[in-house]
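Asker: coords-v1.cif is reproduced below (mmCIF, N, CA and C atoms).
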```cif
data_model
loop_
_atom_site.label_atom_id
_atom_site.label_comp_id
_atom_site.auth_asym_id
_atom_site.auth_seq_id
_atom_site.Cartn_x
_atom_site.Cartn_y
_atom_site.Cartn_z
N MET A 21 -199.19 81.82 -74.65
CA MET A 21 -198.13 80.92 -74.31
C MET A 21 -198.15 80.74 -72.80
N PHE A 22 -197.91 79.52 -72.35
CA PHE A 22 -197.95 79.20 -70.94
C PHE A 22 -196.64 78.55 -70.50
N VAL A 23 -196.19 78.88 -69.30
CA VAL A 23 -195.07 78.23 -68.65
C VAL A 23 -195.54 77.87 -67.25
N GLU A 24 -195.60 76.58 -66.94
CA GLU A 24 -196.08 76.11 -65.64
C GLU A 24 -197.44 76.73 -65.30
N ASP A 25 -198.35 76.74 -66.27
CA ASP A 25 -199.71 77.29 -66.14
C ASP A 25 -199.74 78.80 -65.89
N LEU A 26 -198.64 79.49 -66.09
CA LEU A 26 -198.60 80.94 -65.97
C LEU A 26 -198.70 81.53 -67.38
N PRO A 27 -199.73 82.35 -67.64
CA PRO A 27 -199.87 82.90 -68.99
C PRO A 27 -198.86 84.00 -69.27
N MET A 28 -198.42 84.06 -70.52
CA MET A 28 -197.54 85.13 -70.98
C MET A 28 -198.12 85.69 -72.26
N TRP A 29 -198.00 86.96 -72.47
CA TRP A 29 -198.45 87.55 -73.71
C TRP A 29 -197.51 88.68 -74.09
N GLY A 30 -197.36 88.86 -75.38
CA GLY A 30 -196.48 89.90 -75.89
C GLY A 30 -196.70 90.09 -77.37
N TYR A 31 -195.99 91.01 -77.96
CA TYR A 31 -196.12 91.32 -79.38
C TYR A 31 -195.12 90.50 -80.19
N ILE A 32 -195.56 90.05 -81.35
CA ILE A 32 -194.64 89.34 -82.24
C ILE A 32 -194.33 90.17 -83.48
N GLY A 33 -194.97 91.32 -83.60
CA GLY A 33 -194.72 92.17 -84.75
C GLY A 33 -195.33 93.54 -84.55
N ASP A 34 -195.19 94.37 -85.59
CA ASP A 34 -195.68 95.74 -85.52
C ASP A 34 -195.98 96.23 -86.93
N VAL A 35 -196.90 97.17 -87.04
CA VAL A 35 -197.21 97.81 -88.31
C VAL A 35 -197.01 99.30 -88.10
N SER A 36 -196.20 99.93 -88.96
CA SER A 36 -195.95 101.36 -88.82
C SER A 36 -196.54 102.12 -90.00
N ASP A 37 -196.81 103.38 -89.78
CA ASP A 37 -197.36 104.30 -90.78
C ASP A 37 -198.68 103.79 -91.35
N GLU A 38 -199.53 103.28 -90.48
CA GLU A 38 -200.84 102.78 -90.91
C GLU A 38 -201.91 103.53 -90.14
N ASP A 39 -202.94 103.98 -90.86
CA ASP A 39 -204.07 104.64 -90.24
C ASP A 39 -205.33 103.93 -90.72
N VAL A 40 -205.76 102.95 -89.97
CA VAL A 40 -206.91 102.14 -90.37
C VAL A 40 -208.19 102.96 -90.35
N LEU A 41 -208.29 103.90 -89.41
CA LEU A 41 -209.52 104.70 -89.31
C LEU A 41 -209.73 105.56 -90.54
N LEU A 42 -208.66 106.07 -91.10
CA LEU A 42 -208.78 106.89 -92.30
C LEU A 42 -208.65 106.06 -93.57
N GLY A 43 -208.37 104.79 -93.44
CA GLY A 43 -208.24 103.92 -94.60
C GLY A 43 -206.91 104.04 -95.31
N GLU A 44 -205.93 104.59 -94.65
CA GLU A 44 -204.62 104.76 -95.27
C GLU A 44 -203.71 103.60 -94.88
N VAL A 45 -203.71 102.57 -95.69
CA VAL A 45 -202.83 101.44 -95.43
C VAL A 45 -201.72 101.36 -96.46
N GLU A 46 -201.78 102.19 -97.49
CA GLU A 46 -200.71 102.23 -98.49
C GLU A 46 -199.47 102.87 -97.87
N GLY A 47 -198.33 102.30 -98.14
CA GLY A 47 -197.09 102.83 -97.63
C GLY A 47 -196.76 102.38 -96.22
N SER A 48 -197.61 101.56 -95.63
CA SER A 48 -197.31 101.07 -94.29
C SER A 48 -196.32 99.92 -94.36
N LYS A 49 -195.59 99.73 -93.29
CA LYS A 49 -194.59 98.67 -93.22
C LYS A 49 -194.95 97.70 -92.10
N THR A 50 -194.76 96.41 -92.39
CA THR A 50 -195.03 95.36 -91.42
C THR A 50 -193.70 94.78 -90.95
N TYR A 51 -193.54 94.71 -89.64
CA TYR A 51 -192.30 94.23 -89.05
C TYR A 51 -192.58 93.00 -88.19
N LEU A 52 -191.60 92.13 -88.12
CA LEU A 52 -191.64 90.93 -87.29
C LEU A 52 -190.50 91.02 -86.28
N PHE A 53 -190.80 90.69 -85.02
CA PHE A 53 -189.76 90.69 -83.99
C PHE A 53 -189.25 89.26 -83.85
N PRO A 54 -188.05 88.97 -84.34
CA PRO A 54 -187.57 87.58 -84.32
C PRO A 54 -186.91 87.15 -83.01
N HIS A 55 -186.76 88.06 -82.06
CA HIS A 55 -186.09 87.69 -80.81
C HIS A 55 -187.07 87.84 -79.64
N LEU A 56 -187.21 86.78 -78.85
CA LEU A 56 -188.04 86.81 -77.66
C LEU A 56 -187.13 86.68 -76.44
N HIS A 57 -187.41 87.50 -75.44
CA HIS A 57 -186.64 87.46 -74.19
C HIS A 57 -187.57 87.00 -73.07
N PHE A 58 -187.28 85.84 -72.51
CA PHE A 58 -188.08 85.29 -71.43
C PHE A 58 -187.42 85.61 -70.10
N LYS A 59 -188.25 86.00 -69.13
CA LYS A 59 -187.78 86.24 -67.77
C LYS A 59 -188.58 85.30 -66.87
N ILE A 60 -187.89 84.30 -66.34
CA ILE A 60 -188.52 83.28 -65.53
C ILE A 60 -188.12 83.49 -64.07
N GLY A 61 -189.10 83.65 -63.20
CA GLY A 61 -188.83 83.83 -61.77
C GLY A 61 -189.02 82.54 -61.02
N THR A 62 -188.09 82.23 -60.14
CA THR A 62 -188.16 81.00 -59.36
C THR A 62 -188.11 81.32 -57.87
N ASN A 63 -188.68 80.40 -57.09
CA ASN A 63 -188.63 80.48 -55.64
C ASN A 63 -188.62 79.05 -55.11
N ASN A 64 -187.54 78.67 -54.46
CA ASN A 64 -187.36 77.32 -53.91
C ASN A 64 -187.52 76.24 -54.98
N GLY A 65 -186.99 76.47 -56.15
CA GLY A 65 -187.04 75.47 -57.21
C GLY A 65 -188.34 75.43 -57.99
N ASN A 66 -189.31 76.29 -57.67
CA ASN A 66 -190.60 76.36 -58.38
C ASN A 66 -190.66 77.62 -59.22
N ILE A 67 -191.26 77.52 -60.39
CA ILE A 67 -191.45 78.70 -61.25
C ILE A 67 -192.66 79.47 -60.74
N VAL A 68 -192.43 80.74 -60.37
CA VAL A 68 -193.50 81.56 -59.80
C VAL A 68 -193.88 82.74 -60.67
N SER A 69 -193.07 83.08 -61.67
CA SER A 69 -193.42 84.18 -62.57
C SER A 69 -192.77 83.93 -63.93
N ALA A 70 -193.45 84.43 -64.96
CA ALA A 70 -192.94 84.28 -66.33
C ALA A 70 -193.42 85.46 -67.16
N THR A 71 -192.47 86.11 -67.83
CA THR A 71 -192.82 87.21 -68.74
C THR A 71 -192.02 87.04 -70.02
N VAL A 72 -192.55 87.60 -71.09
CA VAL A 72 -191.86 87.57 -72.38
C VAL A 72 -191.88 89.00 -72.94
N THR A 73 -190.75 89.43 -73.47
CA THR A 73 -190.64 90.74 -74.10
C THR A 73 -189.96 90.58 -75.45
N THR A 74 -190.10 91.60 -76.27
CA THR A 74 -189.46 91.60 -77.58
C THR A 74 -188.53 92.80 -77.68
N ASP A 75 -187.59 92.71 -78.58
CA ASP A 75 -186.64 93.78 -78.81
C ASP A 75 -187.03 94.48 -80.11
N SER A 76 -187.54 95.69 -80.00
CA SER A 76 -188.02 96.40 -81.19
C SER A 76 -186.88 96.86 -82.09
N ASP A 77 -185.65 96.88 -81.58
CA ASP A 77 -184.50 97.25 -82.41
C ASP A 77 -184.11 96.12 -83.36
N ARG A 78 -184.45 94.90 -83.00
CA ARG A 78 -184.10 93.74 -83.83
C ARG A 78 -185.34 93.29 -84.60
N ARG A 79 -185.86 94.15 -85.42
CA ARG A 79 -187.05 93.80 -86.19
C ARG A 79 -186.69 93.55 -87.65
N VAL A 80 -187.52 92.75 -88.31
CA VAL A 80 -187.30 92.38 -89.70
C VAL A 80 -188.49 92.88 -90.51
N ASP A 81 -188.20 93.56 -91.61
CA ASP A 81 -189.25 94.08 -92.48
C ASP A 81 -189.80 92.94 -93.34
N ILE A 82 -191.10 92.62 -93.18
CA ILE A 82 -191.74 91.56 -93.96
C ILE A 82 -192.88 92.13 -94.80
N THR A 83 -192.77 93.40 -95.19
CA THR A 83 -193.82 94.05 -95.96
C THR A 83 -193.98 93.44 -97.34
N ASN A 84 -192.88 93.19 -98.02
CA ASN A 84 -192.92 92.65 -99.37
C ASN A 84 -193.18 91.14 -99.29
N THR A 85 -194.39 90.73 -99.65
CA THR A 85 -194.73 89.31 -99.60
C THR A 85 -194.41 88.60 -100.90
N GLN A 86 -193.94 89.32 -101.91
CA GLN A 86 -193.63 88.70 -103.20
C GLN A 86 -192.29 87.97 -103.18
N LYS A 87 -191.35 88.47 -102.39
CA LYS A 87 -190.05 87.82 -102.32
C LYS A 87 -189.91 87.16 -100.95
N PRO A 88 -189.32 85.97 -100.90
CA PRO A 88 -189.15 85.29 -99.61
C PRO A 88 -188.11 86.00 -98.74
N THR A 89 -188.40 86.07 -97.48
CA THR A 89 -187.49 86.70 -96.52
C THR A 89 -187.07 85.65 -95.51
N GLU A 90 -185.78 85.46 -95.37
CA GLU A 90 -185.28 84.50 -94.40
C GLU A 90 -185.12 85.20 -93.06
N VAL A 91 -185.72 84.60 -92.04
CA VAL A 91 -185.72 85.20 -90.71
C VAL A 91 -185.03 84.24 -89.75
N GLN A 92 -184.07 84.75 -89.00
CA GLN A 92 -183.37 83.96 -87.99
C GLN A 92 -184.02 84.25 -86.65
N PHE A 93 -184.73 83.27 -86.10
CA PHE A 93 -185.39 83.44 -84.81
C PHE A 93 -184.43 83.09 -83.69
N SER A 94 -184.57 83.79 -82.57
CA SER A 94 -183.72 83.53 -81.42
C SER A 94 -184.50 83.86 -80.15
N TYR A 95 -183.97 83.39 -79.03
CA TYR A 95 -184.57 83.71 -77.75
C TYR A 95 -183.47 83.76 -76.70
N SER A 96 -183.79 84.40 -75.60
CA SER A 96 -182.88 84.43 -74.46
C SER A 96 -183.71 84.27 -73.19
N VAL A 97 -183.09 83.73 -72.17
CA VAL A 97 -183.80 83.44 -70.92
C VAL A 97 -182.99 84.00 -69.75
N ASP A 98 -183.68 84.72 -68.88
CA ASP A 98 -183.09 85.17 -67.61
C ASP A 98 -183.82 84.47 -66.48
N TRP A 99 -183.08 83.81 -65.62
CA TRP A 99 -183.65 83.17 -64.44
C TRP A 99 -183.46 84.13 -63.27
N VAL A 100 -184.55 84.52 -62.65
CA VAL A 100 -184.53 85.52 -61.58
C VAL A 100 -185.05 84.89 -60.30
N TRP A 101 -184.37 85.17 -59.19
CA TRP A 101 -184.82 84.68 -57.90
C TRP A 101 -185.90 85.61 -57.36
N GLU A 102 -187.11 85.09 -57.16
CA GLU A 102 -188.25 85.87 -56.65
C GLU A 102 -188.48 85.47 -55.20
N LYS A 103 -187.73 86.08 -54.28
CA LYS A 103 -187.83 85.67 -52.87
C LYS A 103 -189.11 86.17 -52.21
N ASP A 104 -189.71 87.25 -52.74
CA ASP A 104 -190.91 87.81 -52.12
C ASP A 104 -192.20 87.20 -52.66
N LEU A 105 -192.10 86.29 -53.60
CA LEU A 105 -193.30 85.72 -54.23
C LEU A 105 -193.33 84.21 -54.00
N PRO A 106 -194.09 83.76 -52.99
CA PRO A 106 -194.16 82.31 -52.76
C PRO A 106 -195.01 81.64 -53.84
N TRP A 107 -194.86 80.32 -53.94
CA TRP A 107 -195.53 79.57 -54.98
C TRP A 107 -197.05 79.65 -54.85
N LYS A 108 -197.59 79.73 -53.64
CA LYS A 108 -199.04 79.81 -53.44
C LYS A 108 -199.61 81.11 -53.98
N MET A 109 -198.81 82.17 -54.02
CA MET A 109 -199.29 83.49 -54.44
C MET A 109 -198.87 83.84 -55.87
N ARG A 110 -198.45 82.87 -56.65
CA ARG A 110 -197.91 83.16 -57.98
C ARG A 110 -198.95 83.69 -58.96
N MET A 111 -200.23 83.40 -58.75
CA MET A 111 -201.28 83.89 -59.65
C MET A 111 -201.81 85.27 -59.23
N SER A 112 -201.35 85.80 -58.12
CA SER A 112 -201.88 87.07 -57.61
C SER A 112 -201.59 88.24 -58.56
N ARG A 113 -200.48 88.21 -59.25
CA ARG A 113 -200.17 89.33 -60.15
C ARG A 113 -201.09 89.36 -61.36
N TYR A 114 -201.70 88.23 -61.71
CA TYR A 114 -202.62 88.20 -62.84
C TYR A 114 -204.01 88.69 -62.45
N HIS A 115 -204.35 88.62 -61.17
CA HIS A 115 -205.63 89.14 -60.71
C HIS A 115 -205.67 90.66 -60.77
N ASP A 116 -204.52 91.28 -60.60
CA ASP A 116 -204.43 92.74 -60.61
C ASP A 116 -204.18 93.30 -62.00
N SER A 117 -204.08 92.45 -63.01
CA SER A 117 -203.72 92.88 -64.35
C SER A 117 -204.88 93.57 -65.05
N ARG A 118 -204.58 94.56 -65.86
CA ARG A 118 -205.60 95.23 -66.66
C ARG A 118 -205.96 94.42 -67.90
N PHE A 119 -205.18 93.37 -68.18
CA PHE A 119 -205.45 92.53 -69.34
C PHE A 119 -206.74 91.74 -69.14
N LEU A 120 -207.01 91.34 -67.91
CA LEU A 120 -208.21 90.58 -67.61
C LEU A 120 -209.22 91.51 -66.93
N PRO A 121 -210.52 91.32 -67.16
CA PRO A 121 -211.51 92.18 -66.50
C PRO A 121 -211.57 91.87 -65.00
N ASN A 122 -211.93 92.89 -64.21
CA ASN A 122 -212.02 92.70 -62.77
C ASN A 122 -213.16 91.76 -62.39
N SER A 123 -214.26 91.88 -63.07
CA SER A 123 -215.39 90.99 -62.84
C SER A 123 -216.04 90.68 -64.18
N PHE A 124 -216.57 89.50 -64.26
CA PHE A 124 -217.25 89.11 -65.49
C PHE A 124 -218.69 89.57 -65.41
N GLU A 125 -219.05 90.51 -66.28
CA GLU A 125 -220.40 91.04 -66.27
C GLU A 125 -221.31 90.16 -67.09
N ILE A 126 -222.53 90.01 -66.61
CA ILE A 126 -223.53 89.23 -67.34
C ILE A 126 -224.18 90.17 -68.35
N HIS A 127 -224.21 89.76 -69.60
CA HIS A 127 -224.82 90.57 -70.64
C HIS A 127 -226.30 90.20 -70.74
N TRP A 128 -227.10 90.92 -69.96
CA TRP A 128 -228.52 90.58 -69.86
C TRP A 128 -229.24 90.76 -71.18
N LEU A 129 -228.89 91.76 -71.95
CA LEU A 129 -229.56 91.99 -73.23
C LEU A 129 -229.37 90.80 -74.16
N SER A 130 -228.20 90.24 -74.18
CA SER A 130 -227.94 89.08 -75.03
C SER A 130 -228.73 87.86 -74.55
N ILE A 131 -228.83 87.67 -73.26
CA ILE A 131 -229.59 86.54 -72.72
C ILE A 131 -231.07 86.69 -73.03
N ILE A 132 -231.61 87.89 -72.84
CA ILE A 132 -233.04 88.13 -73.14
C ILE A 132 -233.31 87.99 -74.63
N ASN A 133 -232.39 88.48 -75.46
CA ASN A 133 -232.53 88.36 -76.91
C ASN A 133 -232.58 86.89 -77.32
N SER A 134 -231.72 86.07 -76.78
CA SER A 134 -231.70 84.65 -77.11
C SER A 134 -232.98 83.97 -76.64
N PHE A 135 -233.44 84.32 -75.45
CA PHE A 135 -234.66 83.72 -74.92
C PHE A 135 -235.87 84.08 -75.78
N VAL A 136 -236.00 85.34 -76.17
CA VAL A 136 -237.12 85.76 -77.02
C VAL A 136 -237.04 85.09 -78.39
N LEU A 137 -235.86 84.96 -78.94
CA LEU A 137 -235.69 84.29 -80.22
C LEU A 137 -236.13 82.83 -80.15
N VAL A 138 -235.77 82.15 -79.09
CA VAL A 138 -236.20 80.75 -78.92
C VAL A 138 -237.71 80.67 -78.79
N LEU A 139 -238.31 81.59 -78.04
CA LEU A 139 -239.77 81.60 -77.91
C LEU A 139 -240.46 81.84 -79.24
N LEU A 140 -239.97 82.79 -80.02
CA LEU A 140 -240.58 83.08 -81.33
C LEU A 140 -240.45 81.89 -82.28
N LEU A 141 -239.28 81.29 -82.33
CA LEU A 141 -239.10 80.14 -83.21
C LEU A 141 -239.98 78.97 -82.79
N THR A 142 -240.13 78.76 -81.49
CA THR A 142 -241.00 77.70 -81.00
C THR A 142 -242.45 78.00 -81.35
N ALA A 143 -242.86 79.26 -81.23
CA ALA A 143 -244.23 79.63 -81.58
C ALA A 143 -244.49 79.44 -83.07
N PHE A 144 -243.54 79.86 -83.92
CA PHE A 144 -243.72 79.67 -85.37
C PHE A 144 -243.79 78.19 -85.72
N LEU A 145 -242.95 77.38 -85.13
CA LEU A 145 -242.97 75.95 -85.40
C LEU A 145 -244.28 75.33 -84.93
N THR A 146 -244.80 75.77 -83.78
CA THR A 146 -246.07 75.26 -83.27
C THR A 146 -247.22 75.63 -84.20
N ILE A 147 -247.23 76.86 -84.69
CA ILE A 147 -248.30 77.30 -85.60
C ILE A 147 -248.25 76.50 -86.89
N ILE A 148 -247.09 76.29 -87.44
CA ILE A 148 -246.97 75.53 -88.69
C ILE A 148 -247.41 74.09 -88.48
N LEU A 149 -246.96 73.47 -87.38
CA LEU A 149 -247.36 72.10 -87.11
C LEU A 149 -248.86 71.98 -86.84
N MET A 150 -249.46 72.93 -86.17
CA MET A 150 -250.90 72.90 -85.91
C MET A 150 -251.69 72.99 -87.21
N ARG A 151 -251.26 73.84 -88.13
CA ARG A 151 -251.97 73.95 -89.42
C ARG A 151 -251.86 72.66 -90.23
N VAL A 152 -250.67 72.07 -90.23
CA VAL A 152 -250.48 70.83 -90.99
C VAL A 152 -251.30 69.70 -90.36
N LEU A 153 -251.26 69.59 -89.04
CA LEU A 153 -252.01 68.53 -88.37
C LEU A 153 -253.51 68.74 -88.49
N LYS A 154 -253.96 69.99 -88.46
CA LYS A 154 -255.39 70.28 -88.60
C LYS A 154 -255.88 69.85 -89.97
N ASN A 155 -255.09 70.12 -91.02
CA ASN A 155 -255.45 69.69 -92.38
C ASN A 155 -255.44 68.18 -92.50
N ASP A 156 -254.51 67.50 -91.85
CA ASP A 156 -254.45 66.05 -91.91
C ASP A 156 -255.63 65.42 -91.18
N PHE A 157 -256.02 65.96 -90.04
CA PHE A 157 -257.14 65.41 -89.29
C PHE A 157 -258.47 65.67 -89.98
N SER A 158 -258.59 66.77 -90.71
CA SER A 158 -259.87 67.09 -91.39
C SER A 158 -260.12 66.15 -92.55
N ARG A 159 -259.10 65.51 -93.13
CA ARG A 159 -259.27 64.57 -94.24
C ARG A 159 -259.74 63.31 -93.67
#
```
Please lay out the structure from this file as structure tokens.
Answerer:
Amino acid sequence: MFVEDLPMWGYIGDVSDEDVLLGEVEGSKTYLFPHLHFKIGTNNGNIVSATVTTDSDRRVDITNTQKPTEVQFSYSVDWVWEKDLPWKMRMSRYHDSRFLPNSFEIHWLSIINSFVLVLLLTAFLTIILMRVLKNDFSR
């Protein structure tokens, strides 16, 4: 979700009593968080920060998919004055985030694998075409 090109991310639900590694998914419960709380930071009339959080106390059990469950969605917004964050520096907090990698690493093995695969397919196609053309020219 984006607000003024500022990305926001958060949880919309939760699964409890589930152990996927051991394969124990029986008896687990699936919950949905129907309330989102937005915190929008402004500075001189410009939006400079945006976050979204959920309230885990206001969760709805949606485990039983056989019966319809009516969910009342809601949201709340807090407008906060961010005097220390000018509009030019609004993306700086995302550069320091652990959500995004610090540097984009080049996966050399994948590039070499793709290159070798293209070479092999080209060689196979060349060999097949040469055999077909050689038989056609010999007639």
Asker: Counting all atoms listed in the file, what is within 8 Å of Gln92 (chain A), bar same-chain residues fewer than 6 positions away, as number ranges by chain?
Answerer: A: 53-55
Asker: Would you please give, as number ranges by chain, all residues of region 47-84 of chain A that DSSP assigns to strand (DSSP E or B) based on the backbone?
Answerer: A: 49-52, 55-63, 66-74, 80-81
Asker: Go through A:Arg113, A:Lys49, A:Met28, A:Leu56 and flag the residue nearest Thr71 (chain A), using only C-alpha atoms for the distances.
Answerer: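 Of A:Arg113, A:Lys49, A:Met28, A:Leu56, the one nearest Thr71 (chain A), counting only C-alpha atoms, is A:Met28.
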Asker: As an MDAnalysis selection string, list the residues of chain A assigned to alpha helix (DSSP H) by DSSP on the backbone atoms of this structure.
Answerer: chainID A and resid 112:115 128:158
Asker: Between A:Ser69, A:Ser36, A:Ser94, A:Asn63, which is the closest to Phe22 (chain A) once you count only C-alpha atoms?
Answerer: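 Ranking A:Ser69, A:Ser36, A:Ser94, A:Asn63 by distance to Phe22 (chain A), first place goes to A:Ser69.
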Asker: Could you tell me how far CA of Ser76 (chain A) sits from CA of Val35 (chain A), in Å to one decimal place?
Answerer: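 For CA of Val35 (chain A) relative to CA of Ser76 (chain A), the distance reads 11.7 Å.
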Asker: Could you give me the axis-aligned bounding box of region 138-148 of chain A, with 6 Å of padding per side, as centre plus edge lengths in Å to one decimal, as JSON?
Answerer:
```
{"center_x": -242.0, "center_y": 78.6, "center_z": -83.3, "size_x": 24.5, "size_y": 21.0, "size_z": 22.8}
```
Asker: For the provided coordinates, the residues matched by the PyMOL selection byres (((chain A and resi 65 and name CA) around 12) and name CA) should be stated as a VMD selection string.
Answerer: chain A and resid 60 to 64 66 to 68 99 to 103 106 to 107
Asker: Which residues, named as in the file, does the PyMOL selection byres (((chain A and resi 32 and name CA) around 12) and name CA) pick out? Answer as a PDB file with N, CA and C atoms, keeping the file's coordinate frame.
Answerer:
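Listing of part-v8.pdb after writing:
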```
ATOM      1  N   TRP A  29    -198.000  86.960 -72.470  1.00  0.00           N
ATOM      2  CA  TRP A  29    -198.450  87.550 -73.710  1.00  0.00           C
ATOM      3  C   TRP A  29    -197.510  88.680 -74.090  1.00  0.00           C
ATOM      4  N   GLY A  30    -197.360  88.860 -75.380  1.00  0.00           N
ATOM      5  CA  GLY A  30    -196.480  89.900 -75.890  1.00  0.00           C
ATOM      6  C   GLY A  30    -196.700  90.090 -77.370  1.00  0.00           C
ATOM      7  N   TYR A  31    -195.990  91.010 -77.960  1.00  0.00           N
ATOM      8  CA  TYR A  31    -196.120  91.320 -79.380  1.00  0.00           C
ATOM      9  C   TYR A  31    -195.120  90.500 -80.190  1.00  0.00           C
ATOM     10  N   GLY A  33    -194.970  91.320 -83.600  1.00  0.00           N
ATOM     11  CA  GLY A  33    -194.720  92.170 -84.750  1.00  0.00           C
ATOM     12  C   GLY A  33    -195.330  93.540 -84.550  1.00  0.00           C
ATOM     13  N   ASP A  34    -195.190  94.370 -85.590  1.00  0.00           N
ATOM     14  CA  ASP A  34    -195.680  95.740 -85.520  1.00  0.00           C
ATOM     15  C   ASP A  34    -195.980  96.230 -86.930  1.00  0.00           C
ATOM     16  N   VAL A  35    -196.900  97.170 -87.040  1.00  0.00           N
ATOM     17  CA  VAL A  35    -197.210  97.810 -88.310  1.00  0.00           C
ATOM     18  C   VAL A  35    -197.010  99.300 -88.100  1.00  0.00           C
ATOM     19  N   THR A  50    -194.760  96.410 -92.390  1.00  0.00           N
ATOM     20  CA  THR A  50    -195.030  95.360 -91.420  1.00  0.00           C
ATOM     21  C   THR A  50    -193.700  94.780 -90.950  1.00  0.00           C
ATOM     22  N   TYR A  51    -193.540  94.710 -89.640  1.00  0.00           N
ATOM     23  CA  TYR A  51    -192.300  94.230 -89.050  1.00  0.00           C
ATOM     24  C   TYR A  51    -192.580  93.000 -88.190  1.00  0.00           C
ATOM     25  N   LEU A  52    -191.600  92.130 -88.120  1.00  0.00           N
ATOM     26  CA  LEU A  52    -191.640  90.930 -87.290  1.00  0.00           C
ATOM     27  C   LEU A  52    -190.500  91.020 -86.280  1.00  0.00           C
ATOM     28  N   PHE A  53    -190.800  90.690 -85.020  1.00  0.00           N
ATOM     29  CA  PHE A  53    -189.760  90.690 -83.990  1.00  0.00           C
ATOM     30  C   PHE A  53    -189.250  89.260 -83.850  1.00  0.00           C
ATOM     31  N   PRO A  54    -188.050  88.970 -84.340  1.00  0.00           N
ATOM     32  CA  PRO A  54    -187.570  87.580 -84.320  1.00  0.00           C
ATOM     33  C   PRO A  54    -186.910  87.150 -83.010  1.00  0.00           C
ATOM     34  N   HIS A  55    -186.760  88.060 -82.060  1.00  0.00           N
ATOM     35  CA  HIS A  55    -186.090  87.690 -80.810  1.00  0.00           C
ATOM     36  C   HIS A  55    -187.070  87.840 -79.640  1.00  0.00           C
ATOM     37  N   LEU A  56    -187.210  86.780 -78.850  1.00  0.00           N
ATOM     38  CA  LEU A  56    -188.040  86.810 -77.660  1.00  0.00           C
ATOM     39  C   LEU A  56    -187.130  86.680 -76.440  1.00  0.00           C
ATOM     40  N   HIS A  57    -187.410  87.500 -75.440  1.00  0.00           N
ATOM     41  CA  HIS A  57    -186.640  87.460 -74.190  1.00  0.00           C
ATOM     42  C   HIS A  57    -187.570  87.000 -73.070  1.00  0.00           C
ATOM     43  N   VAL A  72    -192.550  87.600 -71.090  1.00  0.00           N
ATOM     44  CA  VAL A  72    -191.860  87.570 -72.380  1.00  0.00           C
ATOM     45  C   VAL A  72    -191.880  89.000 -72.940  1.00  0.00           C
ATOM     46  N   THR A  73    -190.750  89.430 -73.470  1.00  0.00           N
ATOM     47  CA  THR A  73    -190.640  90.740 -74.100  1.00  0.00           C
ATOM     48  C   THR A  73    -189.960  90.580 -75.450  1.00  0.00           C
ATOM     49  N   THR A  74    -190.100  91.600 -76.270  1.00  0.00           N
ATOM     50  CA  THR A  74    -189.460  91.600 -77.580  1.00  0.00           C
ATOM     51  C   THR A  74    -188.530  92.800 -77.680  1.00  0.00           C
ATOM     52  N   ASP A  75    -187.590  92.710 -78.580  1.00  0.00           N
ATOM     53  CA  ASP A  75    -186.640  93.780 -78.810  1.00  0.00           C
ATOM     54  C   ASP A  75    -187.030  94.480 -80.110  1.00  0.00           C
ATOM     55  N   SER A  76    -187.540  95.690 -80.000  1.00  0.00           N
ATOM     56  CA  SER A  76    -188.020  96.400 -81.190  1.00  0.00           C
ATOM     57  C   SER A  76    -186.880  96.860 -82.090  1.00  0.00           C
ATOM     58  N   ARG A  78    -184.450  94.900 -83.000  1.00  0.00           N
ATOM     59  CA  ARG A  78    -184.100  93.740 -83.830  1.00  0.00           C
ATOM     60  C   ARG A  78    -185.340  93.290 -84.600  1.00  0.00           C
ATOM     61  N   ARG A  79    -185.860  94.150 -85.420  1.00  0.00           N
ATOM     62  CA  ARG A  79    -187.050  93.800 -86.190  1.00  0.00           C
ATOM     63  C   ARG A  79    -186.690  93.550 -87.650  1.00  0.00           C
ATOM     64  N   VAL A  80    -187.520  92.750 -88.310  1.00  0.00           N
ATOM     65  CA  VAL A  80    -187.300  92.380 -89.700  1.00  0.00           C
ATOM     66  C   VAL A  80    -188.490  92.880 -90.510  1.00  0.00           C
ATOM     67  N   PHE A  93    -184.730  83.270 -86.100  1.00  0.00           N
ATOM     68  CA  PHE A  93    -185.390  83.440 -84.810  1.00  0.00           C
ATOM     69  C   PHE A  93    -184.430  83.090 -83.690  1.00  0.00           C
TER      70      PHE A  93
END
```
Asker: Give me, please, the distance in Å between CA of Lys108 (chain A) and atom C of Val23 (chain A), quoted to one decimal.
Answerer: 14.4 Å
Asker: What does the distance between CA of Val91 (chain A) and atom C of Ser48 (chain A) come to in Å, to one decimal place?
Answerer: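 Rounded to one decimal, the two atoms are 18.5 Å apart.
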